Amino acid sequence: MIEATQTKKGTDPYLSSFAQLQKELEGKQPPWLQQIRKAAISRFSDLGFPTSRQEEWKYTEVAPIRRTLFRPAAYEPNGLPTERLTGLTFANLQCPRLVFLNGHYSAELSSLKGLPETVQVKSLAEVLEQNPDLVKPHLTQHAQYEDHPFVALNTALIQDGALVHVSKGEVIQEPIHLLFLSTAAEEVVAVHPRNLILVDSNSQVTIVESYIGLHKGVYFTNSVTEIVVAENAVVDHYKLHQESRKAFHIDTLQVHQDRSSSVRTFNATLGGELTRNEVNVVLDGEGAECNLNGLYLISGTQHVDNHTRLEHAKPHCDSREMYKGILDEKATGVFHGRIVVRPGAQKTDSKQTNNNLLLSDDALINTKPQLEIYANDVKCTHGATIGQLDPEALFYLRTRGIDRTTARSLLIYAFASQVVNRIKVDLVRTELDDYLFSWLPAGHLVREAI
Amino acid sequence: MLEIKNLHVKADGKEILRGVDLKVNAGEVHSIMGPNGSGKSTLAQVIAGRESYEITDGEVIYQGKDLLEMAPEDRARQGIFLAFQYPVEIPGVSNTYFLKAALNALRKERGEEEVDAMDFLALIKEKMKLLGMDETLISRPVNEGFSGGEKKRNEIFQMVVLEPKLAILDETDSGLDIDALKIVAAGVNSLRSPERSFIVVTHYQRMLNYIVPDAVHVLYEGRIVKSGGKELALELEEKGYTWLEDKTAAAVNS
Ligand SMILES: Nc1ncnc2c1ncn2[C@@H]1O[C@H](COP(=O)(O)OP(=O)(O)O)[C@@H](O)[C@H]1O
Ligand SMILES: [Mg+2]
């Protein structure tokens, strides 16, 4: 099933995919995008897959991705019964949704009922065919591919994903759900979803992006989302990851913020065998603020790498960051939080926290803050902790008659809830809570108790 | 109710209890006094089931059973309660749900039905009133941000809700003003009955004016060096513990 006969560099199959896609798209894509694709694939070919000798990839070994021969997913966007989604975490939120099946827009599963016309929510493939000028100023302009082979690969192979455009001054009450489903079971496929979210000035929107595997297949999701936030706009972004436990998932969220805008992100990683989440935010206007949150809850041999990069480019911006990790069995994790304060970005106020709970002796986490400060009047703090459950607290609970398993579950839940409680969308918080209750050995008792 | 025989306990390789004997019958109140570092908290924690101590010799029999074989939660379910000298803060776990889970665990053991939310609320409101506690404390995380006095009161509050058979109070009086002390004592006295026993660990005689003990023991360097009636507490208060040093030195030399 998995062929290990690749060239060492492993880029060849993707170059073939690119050639194939070029043929399919002939005459159907704008020339400017064609140019960008070419530059991107050539960059990917030059860079090759990252190795652990590179600082940015030191603790995350992507050789299993390089060695696996993935094929592009077939175009079969319809035919999946909606009932297949019932009971799946993050798949069935009661709100307007755009659904992608193995990377391709599924009109059948999507429903935008209830959304006002002041917001455009469309398949990017459709927009590129019908109205490419709408996305030209922004698509591929924010997520840099020069030094990033996976972003380069995604850029070269852009096919589909979501386009969301909120018009000036509009407040969209209901969350918009972008649901990426994988039905890979036996077939070893790669998908490269690409999303663009444009939020005009003074408007407000909540986006929930989820990635879910329906089977236990080996597949590769390589996604990129660009969010462009204009002056005084407010964006809430949730990225929920419940891919197959054999899947590879590499994701970049690139956010560009203008003056006085406000962005809140939440990244929940539950699934996948190998995951890399990058969240890059550029605070590019005075008075902008952002709040990055994350929870990774992993076990088995899962590996999760969260890389965040906060760039304070203008003065008077605030950033807050809280990531929490719970690692059991042989799970391994990486947290790398970089904060860059550009010259002149005075009065920057930035605070980063990363707390990790190791539930077994074999679990491992590498956590590293990295501050690069080129201005003198700034406030930047960071704190990272790695620990086990507090034995004092455990003993205290047990002396009150609460058994060991329940006491442990209570303490783990309490640890997670400090970040889960920051989720503002009830639909999402409830789903994540439900997942926690099912994950914890005495979760049902914890649920009753709270 | 409880019988401790020749109990030897080590922590980090250091012998802390060096042969403790103690017998507490149902309905009795025993006080254990002694200077700092004499092993009072160690004794209390070992009875409650702390696993980080190494029991090198001796036995503890509780209601006819080998207590040292039991997990802390089983001891609690059999009626043992420890009011901690330093109650633990548990961020993210609210006082209400912690106490409800605890109460239901004990009720289940006794073959009783779980309390429903309404009855539980009524119960805790009544007990909080008894202890003069601020009602907002109950929705806060366990002991988090509580003052020293609030933590101590919270221990007694848990005790009156859980109604143990054997309660051990580890310096619950330390750091309390006289009004708080009276409230804590009233809480203890409200539970006193022929079936219930108390071990009151204290540093000061003051508390024993309100909770009158049947016996007073002096723990010194890991051993009970003297036992007597309630007047022994007054004598200790007057003479201090240095008086004992001479006595033990004499005992060791003879
Ligand atoms: N877990 C432990 N590890 C090492 N030493 C301990 C531990 N617990 C207590 N001790 C030591 O044992 C002695 C008795 O402590 P403790 O029982 O707390 O006394 P008391 O409560 O009478 O003040 C002290 O010297 C203390 O430092
Ligand atoms: Mg003590």
# chains A, B, ... in the order shown; residues from 1 in each chain; ligands from 1
$ residues_near_ligand --ligand "ligand 1" --cutoff "12 Å" --atoms "only C-alpha atoms and all ligand atoms" --output "ChimeraX atom specification"
/A:391-392 /B:9-18,32-46,50-54,84-86,169-172,174,201-203,218-224
$ write_last_selection --atoms "C-alpha atoms" --output "mmCIF file, in the first residue's frame"
data_model
loop_
_atom_site.group_PDB
_atom_site.id
_atom_site.type_symbol
_atom_site.label_atom_id
_atom_site.label_comp_id
_atom_site.auth_asym_id
_atom_site.auth_seq_id
_atom_site.Cartn_x
_atom_site.Cartn_y
_atom_site.Cartn_z
ATOM 1 C CA PRO A 391 0.125 14.534 43.443
ATOM 2 C CA GLU A 392 -1.012 16.800 46.302
ATOM 3 C CA VAL B 9 7.368 5.610 59.176
ATOM 4 C CA LYS B 10 10.117 6.875 56.919
ATOM 5 C CA ALA B 11 10.154 9.653 54.332
ATOM 6 C CA ASP B 12 13.074 10.147 51.978
ATOM 7 C CA GLY B 13 15.004 7.587 53.948
ATOM 8 C CA LYS B 14 14.599 9.519 57.192
ATOM 9 C CA GLU B 15 12.729 7.950 60.093
ATOM 10 C CA ILE B 16 9.959 10.297 61.177
ATOM 11 C CA LEU B 17 7.666 8.144 63.302
ATOM 12 C CA ARG B 18 9.603 5.862 65.582
ATOM 13 C CA ILE B 32 -2.133 15.205 69.875
ATOM 14 C CA MET B 33 0.244 17.988 70.750
ATOM 15 C CA GLY B 34 3.903 18.480 70.116
ATOM 16 C CA PRO B 35 6.492 20.912 68.790
ATOM 17 C CA ASN B 36 7.006 21.629 65.099
ATOM 18 C CA GLY B 37 8.590 18.777 63.228
ATOM 19 C CA SER B 38 7.672 16.125 65.785
ATOM 20 C CA GLY B 39 5.697 14.100 63.217
ATOM 21 C CA LYS B 40 2.086 15.127 63.885
ATOM 22 C CA SER B 41 1.204 15.773 60.242
ATOM 23 C CA THR B 42 3.038 12.644 59.165
ATOM 24 C CA LEU B 43 0.854 10.589 61.509
ATOM 25 C CA ALA B 44 -2.308 12.310 60.248
ATOM 26 C CA GLN B 45 -1.363 11.812 56.578
ATOM 27 C CA VAL B 46 -0.402 8.176 57.081
ATOM 28 C CA ARG B 50 -0.648 9.163 51.829
ATOM 29 C CA GLU B 51 1.437 6.848 49.633
ATOM 30 C CA SER B 52 4.714 8.755 49.652
ATOM 31 C CA TYR B 53 5.546 7.564 53.158
ATOM 32 C CA GLU B 54 7.216 4.269 53.774
ATOM 33 C CA PHE B 84 -5.441 19.194 56.125
ATOM 34 C CA GLN B 85 -2.987 21.483 57.845
ATOM 35 C CA TYR B 86 -2.355 22.979 54.415
ATOM 36 C CA LEU B 169 -7.967 17.756 62.393
ATOM 37 C CA ASP B 170 -4.416 18.762 61.631
ATOM 38 C CA GLU B 171 -3.776 22.167 63.230
ATOM 39 C CA THR B 172 -7.122 23.448 62.024
ATOM 40 C CA SER B 174 -3.527 27.556 63.661
ATOM 41 C CA VAL B 201 -3.767 17.770 66.304
ATOM 42 C CA THR B 202 -2.859 21.122 67.731
ATOM 43 C CA HIS B 203 0.009 23.269 68.712
ATOM 44 C CA VAL B 218 2.438 14.465 73.400
ATOM 45 C CA LEU B 219 4.277 13.489 70.249
ATOM 46 C CA TYR B 220 7.946 14.227 70.424
ATOM 47 C CA GLU B 221 10.570 13.212 67.899
ATOM 48 C CA GLY B 222 8.327 10.565 66.429
ATOM 49 C CA ARG B 223 7.132 8.983 69.654
ATOM 50 C CA ILE B 224 4.284 9.544 72.065
#
$ interface_residues --of "chain B" --to "chain A" --cutoff "7 Å" --atoms "only C-alpha atoms" --output "PyMOL selection string"
chain B and resi 48+50+72-74+76-77+81+88+90-93+97+100-102+105-106
$ residues_around --residues "Ala185 of chain A" --least-positions-apart "6" --cutoff "12 Å" --atoms "only C-alpha atoms" --output "list in words"
Met1, Ala73, Asn102, Gly213, Leu214, His215, Lys216, Gly217, Val218, Tyr219, Ser244, Arg245, Lys246 and Ala247 of chain A
$ residues_around --residues "segment 188-200 of chain B" --least-positions-apart "6" --cutoff "6 Å" --atoms "only C-alpha atoms" --output "list in words"
Ala26, Gly27, Glu28, Val29, His30, Ser31, Lys165, Leu166, Ala167, Ile168 and Leu169 of chain B
$ closest_residue --among "A:Gly287, A:Gly300, A:Gly333, A:Gly294" --to "Thr265 of chain A" --atoms "only C-alpha atoms"
A:Gly294
